[in-house]
Every structure is written in structure tokens, then in C-alpha cells.
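Reading through the C-alpha cells given below for one structure.
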Protein chains: 2
Amino acid sequence: MDRFVSTFTNKIDAKGRVSVPATFRAVLARDGYEGGIYCYPSVGAPALDAGGERLAQTIDGLLGDLPDYSVERDELSVALYGDVQVLNIDQDGRIVLPQSLREHAGIDTHVTFVGLGQKFQMWEPRRFEDFRARARHKADDHRKLFGAGSRHRSGGDQGGTEGARE
Amino acid sequence: MDRFVSTFTNKIDAKGRVSVPATFRAVLARDGYEGGIYCYPSVGAPALDAGGERLAQTIDGLLGDLPDYSVERDELSVALYGDVQVLNIDQDGRIVLPQSLREHAGIDTHVTFVGLGQKFQMWEPRRFEDFRARARHKADDHRKLFGAGSRHRSGGDQGGTEGARE
DNA sequence: TCTCATCCCATTGACACCCATGAAATCCCA
DNA sequence: TGGGATTTCATGGGTGTCAATGGGATGAGA
């Protein structure tokens with residue numbers, strides 16, 4: 001398995017530790033993460049984005065389009081890297097969320113881990129339920145756009161799979 | 001054989017396990033599924049969609065068109081990946097349906113597996129019977145619209161093994 | 001010295017593996 | 001072609017392992 005999938009809710013203990021779901025750890029292990037996972041406030045949502053080496057490379061990729069030593073690049077670098085924290089995973093697979101990150105997401109006693117394919121998010125469980133409900137609606141709309149039969153090309157092979165679920 | 005066809009009804013045991021029909025397992029084996037099958041609530045029906053690696057790639061294809069780091073992408077990712085569960089198949093070909101998925105489909109003691117070609121669905125047997133009855137009505141209406149003469153098959157049951165071993 | 005982070009160990013509950021059983025389908029041979 | 005033998009499959013249950021969680025002990029830095 002090589003993508004983050006599904007959602008899990010775990011508890012924060014008295015020391016502020018919370019277990020990263022085992023399946024996510026497995027993905028991270030494959031992804032390759034030395035020292036810890038990358039974590040930063042999500043853009044446009046009260047949540048935290050996190051991932052391994054591949055996520056860091058995605059960020060690098062965004063910067064790669066801009067010329068070295070340009071003001072734009074520096075600004076974007078600050079915006080993208082400035083809020084990033086590296087979180088260590090202890091031997092039992094747990095991390096500690098710094099205060100600043102917890103505040104941004106409104107996380108208190110429980111954390112909902114949400115797999116998004118190449119990265120995952122951490123949410124306060126209730127807020128996530130609200131967000132999920134809204135996301136489903138939008139996804140339904142999206143699906144209607146694809147509609148019946150309108151096959152959309154995709155980079156890979158997957159010869160002739162139908163457009164969407166359902 | 002490379003698509004899911006026919007329907008089977010199997011029982012959930014005391015531990016919450018249910019056998020995936022052997023023919024479906026054969027299709028999955030060909031499809032390639034490392035670690036498990038992908039399963040999520042069906043859209044617009046009280047059922048569960050499931051499939052192997054090919055299904056997962058279909059989801060990837062939907063997301064591939066959206067830019068990294070867009071809020072839109074995150075939302076769609078939540079709807080597509082966030083609801084997905086990866087179900088392991090044990091050595092005897094059985095899976096365990098998590099509570100959340102069983103609720104969505106109203107599944108209690110028995111599961112009806114319905115082949116849909118690329119993927120398959122899991123239903124609570126009664127609900128599926130209702131659904132099937134209605135689907136037949138609609139199919140009949142369609143046939144009437146096409147008019148007389150073009151009768152290409154007996155209007156019967158399309159040879160599925162219904163209610164296999166009860 | 002106090003606080004915080006890390007390490008280590010214990011508990012518990014869920015799940016995966018293993019084996020057994022019975023029924024149905026298939027094979028095989030007279 | 002019929003009937004016994006064999007295989008496949010769905011199902012039940014025991015047991016060991018692993019993940020999530022709680023808490024004590026140790027070490028580093030303020």
C-alpha cells in the first residue's frame with residue numbers, strides 16, 4: 001500500500017501524545033521519512049497537513065518553477081516552509097502536536113486522521129464531521145460533471161475504467 | 001474471468017466476518033490487491049462499493065486533474081479517500097466490515113454480494129431484493145419504449161445465483 | 001530544580017492466523 | 001450414466017499477535 005486512505009480517530013493522552021494509525025505509519029515507512037513527518041497548518045481549513053518525504057518533494061516542486069534567488073521564490077518559500085514542523089514518531093508510533101498546531105486545528109482530546117492519498121490531515125473530530133458532510137456534497141456535484149460516459153483521460157493506463165464511482 | 005458478475009448471499013459470523021464469494025476473490029487476485037480491497041459507501045444507495053487496485057487507480061485518476069495544494073483538491077480527496085476503508089482478506093477469504101460501513105448499508109446478519117463488472121457491491125439482502133425488483137420494473141419500461149420485436153433475451157432473471165446457500 | 005521529551009514496560013481489546021466441520025459441486029471410473 | 005470419491009467453499013471457534021493507550025523512569029535543557 002502506498003497511499004494514505006481512510007479515517008481513524010485516536011486519543012491524546014495526558015502527555016499530549018497521540019498514536020499515528022498503524023496503516024499510516026506503514027505508508028510513511030515506505031515513503032521514507034528520516035527523523036520525522038512534515039506537518040503544517042492546512043490552507044483554507046482548520047486542520048493540519050502531514051506527510052513524509054514525498055510531501056516535502058511536492059513542496060519543492062512548487063518552488064522549482066520559480067527562478068532561484070527571486071523575491072517571489074523567497075516569499076513562497078517562507079509561506080510554504082515557514083509553518084512546517086517536523087514531528088518525531090516515538091517507538092510506539094506516537095507523535096506530540098505542538099501547541100501552535102493544535103490551536104490552528106482546535107484539537108483538544110482527540111484527533112481524527114484522514115487519508116488523502118499522498119498526504120494525510122489531522123482534525124478535531126467534530127469539525128471534521130462537518131467538513132466531511134460538505135465535502136460529500138461537493139463530490140457529488142463533481143461526479144455529475146463527469147457524468148455518464150464522459151470518459152476523462154488520465155495520465156496512466158487503466159484502460160477504460162469508467163469515470164467515477166457509481 | 002476478469003469481472004465481477006452474479007450475486008451471492010453470505011452470512012456474518014459471531015466475529016463479524018463474512019466470506020467474499022470465491023469467484024470474486026479470483027477476480028480480485030487477478031486485479032491485484034496488495035493489503036486488501038477498497039471499500040466505501042455507495043453514493044445514492046444504501047450499499048457498499050468495493051474493488052481492488054483498479055478501483056483505487058480510478059480514484060487517483062479523478063484527483064489527478066486537480067492542482068496540488070488547492071482547497072478543492074483537499075475537499076474532493078476527503079470525499080473520495082476519506083470514506084474509503086481498506087479491508088483485509090484473511091486466509092479463508094473473509095473480511096470484516098467496520099461498524100460505520102455496516103450502518104450505511106443497514107447490514108446486520110447477512111450480506112449480498114452483487115457483481116457490477118469493474119467493482120462489486122454489498123447489500124443488506126432485503127434491501128437488495130427491493131432494489132432489484134424496482135430495477136427490473138425500470139428495465140421493463142425501457143424495453144417497452146424500444147418497442148416490439150427487439151426481444152433479445154427472456155425477461156427473466158439473468159441467471160444469477162440468487163440467495164446462494166442460505 | 002522544574003519541565004518537557006524520550007524510552008521502556010504493562011494492559012487490554014481487536015484482529016489475523018490456524019484448524020476443524022459439513023455441505024455442495026466436481027471429478028472419475030466402472 | 002450413475003454413484004462413490006475428492007475437492008472446493010462457507011462457516012465456526014481457539015489462540016497468538018499487534019495496535020492503542022496508560023503510566024513510570026530517565027535524561028536534557030531552561
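Simple scheme: letters A, B, ... for chains in C-alpha cells order, numbers from 1 for residues in each chain, numbers from 1 for ligands in the order shown.
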Practice task
Select from chain A everything DSSP, run on the backbone, classes as helix (DSSP H, G or I), then give the selection as a VMD selection string.
Solution key: chain A and resid 22 to 31 53 to 64 71 to 81 99 to 105 125 to 146
Exercise for the section: Please provide as a list in words all residues within 10 Å of region 8-21 of chain C, with the sequence filter that same-chain residues fewer than 6 positions apart are discarded (counting only C-alpha atoms (C1' of nucleotides)). Expected result: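 Answer for this query is Gln91 of chain A; Lys15, Asn88, Ile89, Asp90, Gln91, Asp92 and Val96 of chain B; DT11, DG12, DG13, DG14, DT15, DG16, DT17, DC18, DA19, DA20, DT21, DG22, DG23, DG24, DA25 and DT26 of chain D.
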Fit chain B to chain A, all Cα atoms paired in order, least squares. Then write it as a compact mmCIF listing (two decimals) with N, CA and C atoms, in the first residue's frame.
# COMPACT_ATOMS: atom_id res chain seq x y z
N MET B 1 3.83 -0.26 -3.08
CA MET B 1 2.93 0.89 -2.97
C MET B 1 3.73 2.15 -2.69
N ASP B 2 3.45 3.19 -3.42
CA ASP B 2 4.24 4.39 -3.19
C ASP B 2 3.41 5.65 -3.18
N ARG B 3 2.13 5.51 -2.99
CA ARG B 3 1.36 6.74 -2.78
C ARG B 3 0.33 6.54 -1.69
N PHE B 4 -0.08 7.68 -1.13
CA PHE B 4 -1.04 7.67 -0.04
C PHE B 4 -2.44 7.58 -0.62
N VAL B 5 -3.19 6.56 -0.24
CA VAL B 5 -4.56 6.43 -0.72
C VAL B 5 -5.47 6.03 0.43
N SER B 6 -6.75 6.28 0.23
CA SER B 6 -7.80 5.89 1.16
C SER B 6 -7.85 6.82 2.38
N THR B 7 -8.85 6.61 3.20
CA THR B 7 -8.97 7.44 4.40
C THR B 7 -9.14 6.56 5.63
N PHE B 8 -8.63 7.05 6.73
CA PHE B 8 -8.72 6.34 8.00
C PHE B 8 -8.98 7.36 9.10
N THR B 9 -9.73 6.94 10.09
CA THR B 9 -9.95 7.82 11.23
C THR B 9 -9.41 7.15 12.49
N ASN B 10 -8.51 7.85 13.16
CA ASN B 10 -7.94 7.31 14.39
C ASN B 10 -8.16 8.28 15.55
N LYS B 11 -7.94 7.75 16.73
CA LYS B 11 -8.26 8.49 17.94
C LYS B 11 -7.01 9.12 18.55
N ILE B 12 -7.19 10.29 19.13
CA ILE B 12 -6.11 10.93 19.87
C ILE B 12 -6.22 10.50 21.34
N ASP B 13 -5.13 10.01 21.90
CA ASP B 13 -5.21 9.53 23.28
C ASP B 13 -4.94 10.67 24.26
N ALA B 14 -4.90 10.31 25.52
CA ALA B 14 -4.79 11.31 26.57
C ALA B 14 -3.50 12.12 26.46
N LYS B 15 -2.49 11.53 25.87
CA LYS B 15 -1.23 12.25 25.75
C LYS B 15 -1.14 13.05 24.45
N GLY B 16 -2.19 13.03 23.69
CA GLY B 16 -2.17 13.78 22.44
C GLY B 16 -1.59 13.01 21.27
N ARG B 17 -1.41 11.72 21.47
CA ARG B 17 -0.83 10.92 20.39
C ARG B 17 -1.91 10.34 19.50
N VAL B 18 -1.56 10.14 18.24
CA VAL B 18 -2.48 9.49 17.32
C VAL B 18 -1.67 8.61 16.36
N SER B 19 -2.19 7.45 16.09
CA SER B 19 -1.49 6.52 15.21
C SER B 19 -1.61 6.95 13.76
N VAL B 20 -0.50 6.99 13.07
CA VAL B 20 -0.52 7.16 11.62
C VAL B 20 -0.90 5.81 11.01
N PRO B 21 -1.86 5.78 10.11
CA PRO B 21 -2.27 4.49 9.54
C PRO B 21 -1.08 3.71 9.02
N ALA B 22 -1.11 2.43 9.25
CA ALA B 22 0.04 1.59 8.93
C ALA B 22 0.40 1.68 7.45
N THR B 23 -0.60 1.77 6.60
CA THR B 23 -0.30 1.82 5.17
C THR B 23 0.43 3.12 4.83
N PHE B 24 0.07 4.20 5.52
CA PHE B 24 0.76 5.47 5.29
C PHE B 24 2.21 5.38 5.77
N ARG B 25 2.39 4.70 6.88
CA ARG B 25 3.76 4.56 7.39
C ARG B 25 4.62 3.80 6.40
N ALA B 26 4.00 2.82 5.77
CA ALA B 26 4.76 2.05 4.78
C ALA B 26 5.21 2.95 3.63
N VAL B 27 4.31 3.83 3.20
CA VAL B 27 4.67 4.75 2.11
C VAL B 27 5.78 5.69 2.58
N LEU B 28 5.65 6.19 3.78
CA LEU B 28 6.66 7.10 4.32
C LEU B 28 8.01 6.41 4.41
N ALA B 29 8.00 5.18 4.81
CA ALA B 29 9.26 4.45 4.94
C ALA B 29 9.96 4.38 3.59
N ARG B 30 9.17 4.17 2.56
CA ARG B 30 9.77 4.11 1.23
C ARG B 30 10.22 5.49 0.79
N ASP B 31 9.42 6.48 1.11
CA ASP B 31 9.72 7.85 0.74
C ASP B 31 11.02 8.31 1.39
N GLY B 32 11.30 7.76 2.53
CA GLY B 32 12.48 8.18 3.25
C GLY B 32 12.17 9.39 4.10
N TYR B 33 12.15 9.22 5.37
CA TYR B 33 11.97 10.38 6.25
C TYR B 33 12.90 10.16 7.42
N GLU B 34 13.89 11.02 7.48
CA GLU B 34 14.81 10.94 8.59
C GLU B 34 14.35 11.93 9.62
N GLY B 35 14.08 11.46 10.78
CA GLY B 35 13.74 12.40 11.83
C GLY B 35 12.27 12.70 11.96
N GLY B 36 11.51 12.54 10.90
CA GLY B 36 10.10 12.80 11.07
C GLY B 36 9.41 13.17 9.78
N ILE B 37 8.12 13.41 9.87
CA ILE B 37 7.37 13.82 8.70
C ILE B 37 7.17 15.33 8.74
N TYR B 38 7.01 15.90 7.57
CA TYR B 38 6.80 17.34 7.46
C TYR B 38 5.30 17.62 7.43
N CYS B 39 4.90 18.59 8.22
CA CYS B 39 3.48 18.86 8.38
C CYS B 39 3.25 20.37 8.47
N TYR B 40 2.25 20.87 7.78
CA TYR B 40 1.96 22.30 7.82
C TYR B 40 0.49 22.52 7.52
N PRO B 41 -0.03 23.69 7.89
CA PRO B 41 -1.44 23.97 7.64
C PRO B 41 -1.74 23.96 6.15
N SER B 42 -2.81 23.32 5.77
CA SER B 42 -3.20 23.33 4.37
C SER B 42 -3.62 24.74 3.97
N VAL B 43 -3.36 25.06 2.73
CA VAL B 43 -3.77 26.37 2.24
C VAL B 43 -5.21 26.29 1.74
N GLY B 44 -6.04 27.14 2.29
CA GLY B 44 -7.41 27.18 1.80
C GLY B 44 -8.32 26.09 2.33
N ALA B 45 -7.87 25.38 3.33
CA ALA B 45 -8.74 24.36 3.92
C ALA B 45 -8.37 24.17 5.38
N PRO B 46 -9.35 23.86 6.22
CA PRO B 46 -9.05 23.62 7.64
C PRO B 46 -8.49 22.22 7.83
N ALA B 47 -7.31 22.01 7.34
CA ALA B 47 -6.70 20.69 7.40
C ALA B 47 -5.18 20.84 7.48
N LEU B 48 -4.50 19.72 7.61
CA LEU B 48 -3.05 19.73 7.67
C LEU B 48 -2.50 18.87 6.54
N ASP B 49 -1.48 19.39 5.88
CA ASP B 49 -0.78 18.61 4.86
C ASP B 49 0.43 17.94 5.50
N ALA B 50 0.74 16.75 5.05
CA ALA B 50 1.89 16.07 5.60
C ALA B 50 2.51 15.14 4.57
N GLY B 51 3.77 14.89 4.73
CA GLY B 51 4.48 14.00 3.81
C GLY B 51 5.91 13.79 4.28
N GLY B 52 6.66 13.09 3.49
CA GLY B 52 8.03 12.75 3.85
C GLY B 52 9.05 13.61 3.14
N GLU B 53 10.15 13.03 2.86
CA GLU B 53 11.28 13.76 2.29
C GLU B 53 10.93 14.37 0.93
N ARG B 54 10.14 13.65 0.19
CA ARG B 54 9.80 14.14 -1.14
C ARG B 54 9.06 15.47 -1.06
N LEU B 55 8.21 15.58 -0.07
CA LEU B 55 7.47 16.83 0.10
C LEU B 55 8.42 17.97 0.44
N ALA B 56 9.40 17.68 1.27
CA ALA B 56 10.36 18.71 1.64
C ALA B 56 11.15 19.17 0.42
N GLN B 57 11.48 18.25 -0.44
CA GLN B 57 12.24 18.62 -1.63
C GLN B 57 11.40 19.46 -2.58
N THR B 58 10.11 19.23 -2.56
CA THR B 58 9.24 20.05 -3.36
C THR B 58 9.32 21.50 -2.92
N ILE B 59 9.35 21.69 -1.61
CA ILE B 59 9.46 23.05 -1.09
C ILE B 59 10.81 23.66 -1.49
N ASP B 60 11.85 22.87 -1.34
CA ASP B 60 13.16 23.36 -1.75
C ASP B 60 13.14 23.81 -3.20
N GLY B 61 12.44 23.05 -4.02
CA GLY B 61 12.38 23.39 -5.43
C GLY B 61 11.74 24.74 -5.67
N LEU B 62 10.73 25.06 -4.89
CA LEU B 62 10.08 26.35 -5.05
C LEU B 62 11.02 27.49 -4.73
N LEU B 63 11.85 27.28 -3.72
CA LEU B 63 12.75 28.35 -3.29
C LEU B 63 13.99 28.43 -4.16
N GLY B 64 14.31 27.34 -4.80
CA GLY B 64 15.56 27.29 -5.54
C GLY B 64 15.68 28.33 -6.63
N ASP B 65 14.55 28.78 -7.15
CA ASP B 65 14.60 29.73 -8.26
C ASP B 65 14.90 31.15 -7.80
N LEU B 66 14.69 31.40 -6.53
CA LEU B 66 14.89 32.77 -6.06
C LEU B 66 16.33 32.99 -5.64
N PRO B 67 16.84 34.19 -5.87
CA PRO B 67 18.23 34.49 -5.53
C PRO B 67 18.45 34.51 -4.03
N ASP B 68 19.65 34.11 -3.61
CA ASP B 68 20.01 34.25 -2.21
C ASP B 68 19.89 35.71 -1.83
N TYR B 69 19.64 35.92 -0.58
CA TYR B 69 19.69 37.29 -0.07
C TYR B 69 18.66 38.21 -0.65
N SER B 70 17.59 37.71 -1.18
CA SER B 70 16.53 38.61 -1.60
C SER B 70 15.47 38.63 -0.51
N VAL B 71 14.86 39.77 -0.36
CA VAL B 71 13.79 39.90 0.62
C VAL B 71 12.65 38.97 0.23
N GLU B 72 12.44 38.87 -1.06
CA GLU B 72 11.36 38.02 -1.54
C GLU B 72 11.57 36.58 -1.10
N ARG B 73 12.80 36.15 -1.20
CA ARG B 73 13.09 34.78 -0.81
C ARG B 73 12.82 34.56 0.67
N ASP B 74 13.25 35.53 1.47
CA ASP B 74 13.02 35.40 2.90
C ASP B 74 11.54 35.29 3.22
N GLU B 75 10.77 36.12 2.56
CA GLU B 75 9.33 36.09 2.84
C GLU B 75 8.73 34.75 2.46
N LEU B 76 9.08 34.28 1.30
CA LEU B 76 8.54 33.01 0.87
C LEU B 76 9.03 31.88 1.78
N SER B 77 10.27 31.98 2.21
CA SER B 77 10.80 30.96 3.10
C SER B 77 10.00 30.89 4.40
N VAL B 78 9.66 32.06 4.91
CA VAL B 78 8.88 32.09 6.15
C VAL B 78 7.56 31.36 5.94
N ALA B 79 6.91 31.67 4.84
CA ALA B 79 5.61 31.07 4.60
C ALA B 79 5.73 29.56 4.38
N LEU B 80 6.80 29.16 3.72
CA LEU B 80 6.91 27.74 3.40
C LEU B 80 7.53 26.93 4.54
N TYR B 81 8.67 27.40 5.06
CA TYR B 81 9.34 26.65 6.12
C TYR B 81 8.87 27.04 7.51
N GLY B 82 8.48 28.29 7.64
CA GLY B 82 8.12 28.77 8.97
C GLY B 82 6.91 28.08 9.55
N ASP B 83 6.01 27.65 8.71
CA ASP B 83 4.81 26.99 9.20
C ASP B 83 4.97 25.49 9.31
N VAL B 84 6.08 25.01 8.83
CA VAL B 84 6.27 23.56 8.84
C VAL B 84 6.68 23.07 10.21
N GLN B 85 6.12 21.95 10.61
CA GLN B 85 6.57 21.29 11.82
C GLN B 85 7.08 19.91 11.44
N VAL B 86 8.14 19.51 12.08
CA VAL B 86 8.63 18.16 11.86
C VAL B 86 8.09 17.28 12.98
N LEU B 87 7.31 16.32 12.61
CA LEU B 87 6.68 15.46 13.62
C LEU B 87 7.40 14.12 13.67
N ASN B 88 7.83 13.76 14.85
CA ASN B 88 8.47 12.46 15.01
C ASN B 88 7.43 11.36 15.06
N ILE B 89 7.79 10.25 14.49
CA ILE B 89 6.94 9.07 14.61
C ILE B 89 7.59 8.13 15.61
N ASP B 90 6.88 7.79 16.65
CA ASP B 90 7.49 6.93 17.66
C ASP B 90 7.47 5.47 17.20
N GLN B 91 7.97 4.63 18.04
CA GLN B 91 8.13 3.24 17.63
C GLN B 91 6.82 2.54 17.35
N ASP B 92 5.76 3.07 17.91
CA ASP B 92 4.46 2.46 17.67
C ASP B 92 3.73 3.14 16.52
N GLY B 93 4.43 4.02 15.82
CA GLY B 93 3.81 4.64 14.66
C GLY B 93 2.90 5.80 14.99
N ARG B 94 3.13 6.44 16.11
CA ARG B 94 2.26 7.55 16.51
C ARG B 94 2.97 8.89 16.42
N ILE B 95 2.17 9.93 16.21
CA ILE B 95 2.70 11.30 16.21
C ILE B 95 1.92 12.12 17.23
N VAL B 96 2.48 13.26 17.57
CA VAL B 96 1.80 14.22 18.44
C VAL B 96 1.59 15.49 17.63
N LEU B 97 0.35 15.93 17.53
CA LEU B 97 0.06 17.16 16.81
C LEU B 97 0.14 18.35 17.75
N PRO B 98 1.02 19.30 17.45
CA PRO B 98 1.15 20.49 18.29
C PRO B 98 -0.15 21.29 18.31
N GLN B 99 -0.27 22.06 19.36
CA GLN B 99 -1.47 22.86 19.55
C GLN B 99 -1.81 23.71 18.34
N SER B 100 -0.81 24.39 17.81
CA SER B 100 -1.08 25.33 16.71
C SER B 100 -1.67 24.61 15.51
N LEU B 101 -1.17 23.45 15.22
CA LEU B 101 -1.69 22.72 14.07
C LEU B 101 -3.10 22.21 14.34
N ARG B 102 -3.32 21.73 15.57
CA ARG B 102 -4.66 21.24 15.88
C ARG B 102 -5.69 22.35 15.76
N GLU B 103 -5.29 23.53 16.16
CA GLU B 103 -6.22 24.64 16.06
C GLU B 103 -6.59 24.94 14.62
N HIS B 104 -5.60 24.96 13.79
CA HIS B 104 -5.87 25.29 12.39
C HIS B 104 -6.89 24.32 11.80
N ALA B 105 -6.82 23.09 12.18
CA ALA B 105 -7.70 22.08 11.59
C ALA B 105 -8.93 21.82 12.46
N GLY B 106 -8.98 22.44 13.63
CA GLY B 106 -10.11 22.20 14.51
C GLY B 106 -10.16 20.77 15.03
N ILE B 107 -9.00 20.17 15.13
CA ILE B 107 -8.93 18.77 15.56
C ILE B 107 -9.00 18.68 17.08
N ASP B 108 -9.80 17.73 17.55
CA ASP B 108 -9.98 17.60 18.98
C ASP B 108 -9.69 16.18 19.47
N THR B 109 -10.59 15.27 19.19
CA THR B 109 -10.43 13.92 19.73
C THR B 109 -10.07 12.89 18.66
N HIS B 110 -10.44 13.17 17.43
CA HIS B 110 -10.19 12.21 16.36
C HIS B 110 -9.56 12.89 15.15
N VAL B 111 -8.83 12.12 14.39
CA VAL B 111 -8.17 12.64 13.20
C VAL B 111 -8.51 11.73 12.02
N THR B 112 -8.93 12.33 10.92
CA THR B 112 -9.13 11.59 9.69
C THR B 112 -7.94 11.79 8.76
N PHE B 113 -7.30 10.69 8.42
CA PHE B 113 -6.16 10.73 7.50
C PHE B 113 -6.66 10.49 6.09
N VAL B 114 -6.31 11.39 5.19
CA VAL B 114 -6.80 11.31 3.82
C VAL B 114 -5.62 11.23 2.86
N GLY B 115 -5.54 10.14 2.14
CA GLY B 115 -4.45 9.99 1.19
C GLY B 115 -4.68 10.82 -0.06
N LEU B 116 -3.66 11.56 -0.49
CA LEU B 116 -3.77 12.38 -1.70
C LEU B 116 -2.67 12.04 -2.70
N GLY B 117 -2.21 10.83 -2.66
CA GLY B 117 -1.16 10.46 -3.59
C GLY B 117 0.22 10.79 -3.05
N GLN B 118 0.71 11.97 -3.44
CA GLN B 118 2.05 12.39 -3.03
C GLN B 118 2.14 12.72 -1.55
N LYS B 119 1.03 13.19 -1.01
CA LYS B 119 1.02 13.59 0.39
C LYS B 119 -0.29 13.12 1.00
N PHE B 120 -0.48 13.41 2.26
CA PHE B 120 -1.78 13.12 2.84
C PHE B 120 -2.21 14.28 3.72
N GLN B 121 -3.49 14.29 4.04
CA GLN B 121 -4.03 15.36 4.88
C GLN B 121 -4.60 14.79 6.16
N MET B 122 -4.68 15.65 7.16
CA MET B 122 -5.33 15.29 8.41
C MET B 122 -6.48 16.26 8.65
N TRP B 123 -7.64 15.72 8.96
CA TRP B 123 -8.85 16.51 9.13
C TRP B 123 -9.53 16.17 10.44
N GLU B 124 -10.33 17.13 10.88
CA GLU B 124 -11.30 16.82 11.92
C GLU B 124 -12.41 16.04 11.19
N PRO B 125 -12.78 14.85 11.70
CA PRO B 125 -13.65 13.94 10.93
C PRO B 125 -14.90 14.58 10.36
N ARG B 126 -15.60 15.38 11.18
CA ARG B 126 -16.84 15.98 10.67
C ARG B 126 -16.59 16.93 9.54
N ARG B 127 -15.62 17.77 9.75
CA ARG B 127 -15.34 18.74 8.69
C ARG B 127 -14.99 18.02 7.41
N PHE B 128 -14.30 16.93 7.55
CA PHE B 128 -13.93 16.22 6.33
C PHE B 128 -15.15 15.64 5.64
N GLU B 129 -16.11 15.15 6.43
CA GLU B 129 -17.33 14.61 5.81
C GLU B 129 -18.04 15.69 5.00
N ASP B 130 -18.14 16.86 5.59
CA ASP B 130 -18.76 17.97 4.85
C ASP B 130 -18.00 18.24 3.56
N PHE B 131 -16.70 18.32 3.73
CA PHE B 131 -15.87 18.63 2.57
C PHE B 131 -16.03 17.57 1.49
N ARG B 132 -16.06 16.33 1.92
CA ARG B 132 -16.19 15.25 0.96
C ARG B 132 -17.54 15.30 0.25
N ALA B 133 -18.58 15.59 1.02
CA ALA B 133 -19.91 15.66 0.41
C ALA B 133 -19.93 16.73 -0.68
N ARG B 134 -19.33 17.87 -0.34
CA ARG B 134 -19.32 18.94 -1.34
C ARG B 134 -18.48 18.56 -2.55
N ALA B 135 -17.38 17.92 -2.27
CA ALA B 135 -16.50 17.52 -3.37
C ALA B 135 -17.23 16.57 -4.32
N ARG B 136 -18.05 15.72 -3.74
CA ARG B 136 -18.79 14.78 -4.60
C ARG B 136 -19.76 15.52 -5.48
N HIS B 137 -20.42 16.51 -4.90
CA HIS B 137 -21.35 17.29 -5.70
C HIS B 137 -20.65 17.89 -6.90
N LYS B 138 -19.52 18.49 -6.60
CA LYS B 138 -18.80 19.11 -7.69
C LYS B 138 -18.40 18.08 -8.73
N ALA B 139 -17.97 16.94 -8.24
CA ALA B 139 -17.57 15.90 -9.18
C ALA B 139 -18.75 15.47 -10.04
N ASP B 140 -19.92 15.39 -9.42
CA ASP B 140 -21.11 15.02 -10.19
C ASP B 140 -21.39 16.06 -11.27
N ASP B 141 -21.30 17.32 -10.88
CA ASP B 141 -21.52 18.37 -11.86
C ASP B 141 -20.57 18.21 -13.04
N HIS B 142 -19.34 17.98 -12.70
CA HIS B 142 -18.35 17.80 -13.76
C HIS B 142 -18.77 16.69 -14.70
N ARG B 143 -19.22 15.63 -14.07
CA ARG B 143 -19.55 14.46 -14.88
C ARG B 143 -20.71 14.78 -15.82
N LYS B 144 -21.65 15.55 -15.29
CA LYS B 144 -22.78 15.90 -16.15
C LYS B 144 -22.33 16.73 -17.34
N LEU B 145 -21.38 17.59 -17.09
CA LEU B 145 -20.89 18.41 -18.19
C LEU B 145 -20.28 17.54 -19.29
N PHE B 146 -19.62 16.51 -18.86
CA PHE B 146 -19.00 15.64 -19.86
C PHE B 146 -20.05 14.87 -20.63
N GLY B 147 -21.23 14.84 -20.07
CA GLY B 147 -22.33 14.32 -20.83
C GLY B 147 -22.55 12.83 -20.70
N ALA B 148 -23.52 12.38 -21.42
CA ALA B 148 -23.99 11.00 -21.28
C ALA B 148 -22.97 10.02 -21.84
N GLY B 149 -23.12 8.82 -21.40
CA GLY B 149 -22.33 7.75 -22.01
C GLY B 149 -21.01 7.47 -21.33
N SER B 150 -20.20 8.47 -21.19
CA SER B 150 -18.85 8.20 -20.69
C SER B 150 -18.87 7.92 -19.20
N ARG B 151 -19.36 6.80 -18.85
CA ARG B 151 -19.52 6.45 -17.45
C ARG B 151 -18.42 5.47 -17.12
N HIS B 152 -17.44 5.93 -16.46
CA HIS B 152 -16.31 5.04 -16.27
C HIS B 152 -16.20 4.48 -14.87
N ARG B 153 -17.12 4.83 -14.04
CA ARG B 153 -17.11 4.13 -12.77
C ARG B 153 -18.40 4.39 -12.02
N SER B 154 -18.74 3.56 -11.11
CA SER B 154 -19.96 3.74 -10.35
C SER B 154 -19.80 4.97 -9.50
N GLY B 155 -20.81 5.77 -9.49
CA GLY B 155 -20.69 7.04 -8.82
C GLY B 155 -20.52 6.96 -7.32
N GLY B 156 -20.28 5.84 -6.83
CA GLY B 156 -20.27 5.65 -5.39
C GLY B 156 -19.08 6.19 -4.65
N ASP B 157 -18.52 5.39 -3.85
CA ASP B 157 -17.64 5.93 -2.84
C ASP B 157 -16.17 5.71 -3.09
N GLN B 158 -15.78 5.26 -4.15
CA GLN B 158 -14.38 5.06 -4.45
C GLN B 158 -13.64 4.28 -3.37
N GLY B 159 -14.31 3.29 -2.91
CA GLY B 159 -13.70 2.25 -2.09
C GLY B 159 -12.77 2.64 -0.97
N GLY B 160 -12.98 3.73 -0.36
CA GLY B 160 -12.14 4.03 0.79
C GLY B 160 -12.69 3.36 2.03
N THR B 161 -11.85 3.01 2.90
CA THR B 161 -12.32 2.52 4.17
C THR B 161 -12.77 3.73 4.94
N GLU B 162 -14.01 3.92 5.09
CA GLU B 162 -14.42 5.10 5.81
C GLU B 162 -14.50 4.81 7.28
N GLY B 163 -14.22 5.78 8.02
CA GLY B 163 -14.39 5.69 9.46
C GLY B 163 -13.82 4.40 10.03
N ALA B 164 -12.68 4.04 9.58
CA ALA B 164 -12.09 2.80 10.04
C ALA B 164 -12.08 2.74 11.55
N ARG B 165 -12.38 1.69 12.07
CA ARG B 165 -12.51 1.42 13.49
C ARG B 165 -12.77 2.65 14.34
N GLU B 166 -13.88 2.67 14.86
CA GLU B 166 -14.30 3.87 15.58
C GLU B 166 -14.13 3.64 17.06
Exercise for the section: Take C1' of DG2 (chain D) and C1' of DA24 (chain C) and report the distance between them in Å, one decimal. Expected result: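 Between these atoms lies a distance of 18.0 Å.
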Exercise for the section: Could you give me the residues within chain A that DSSP places in strand (DSSP E or B), as a PyMOL selection string? Expected result: chain A and resi 4+7-11+17-19+37-41+48-51+85-87+94-96+110-115+117+120-123
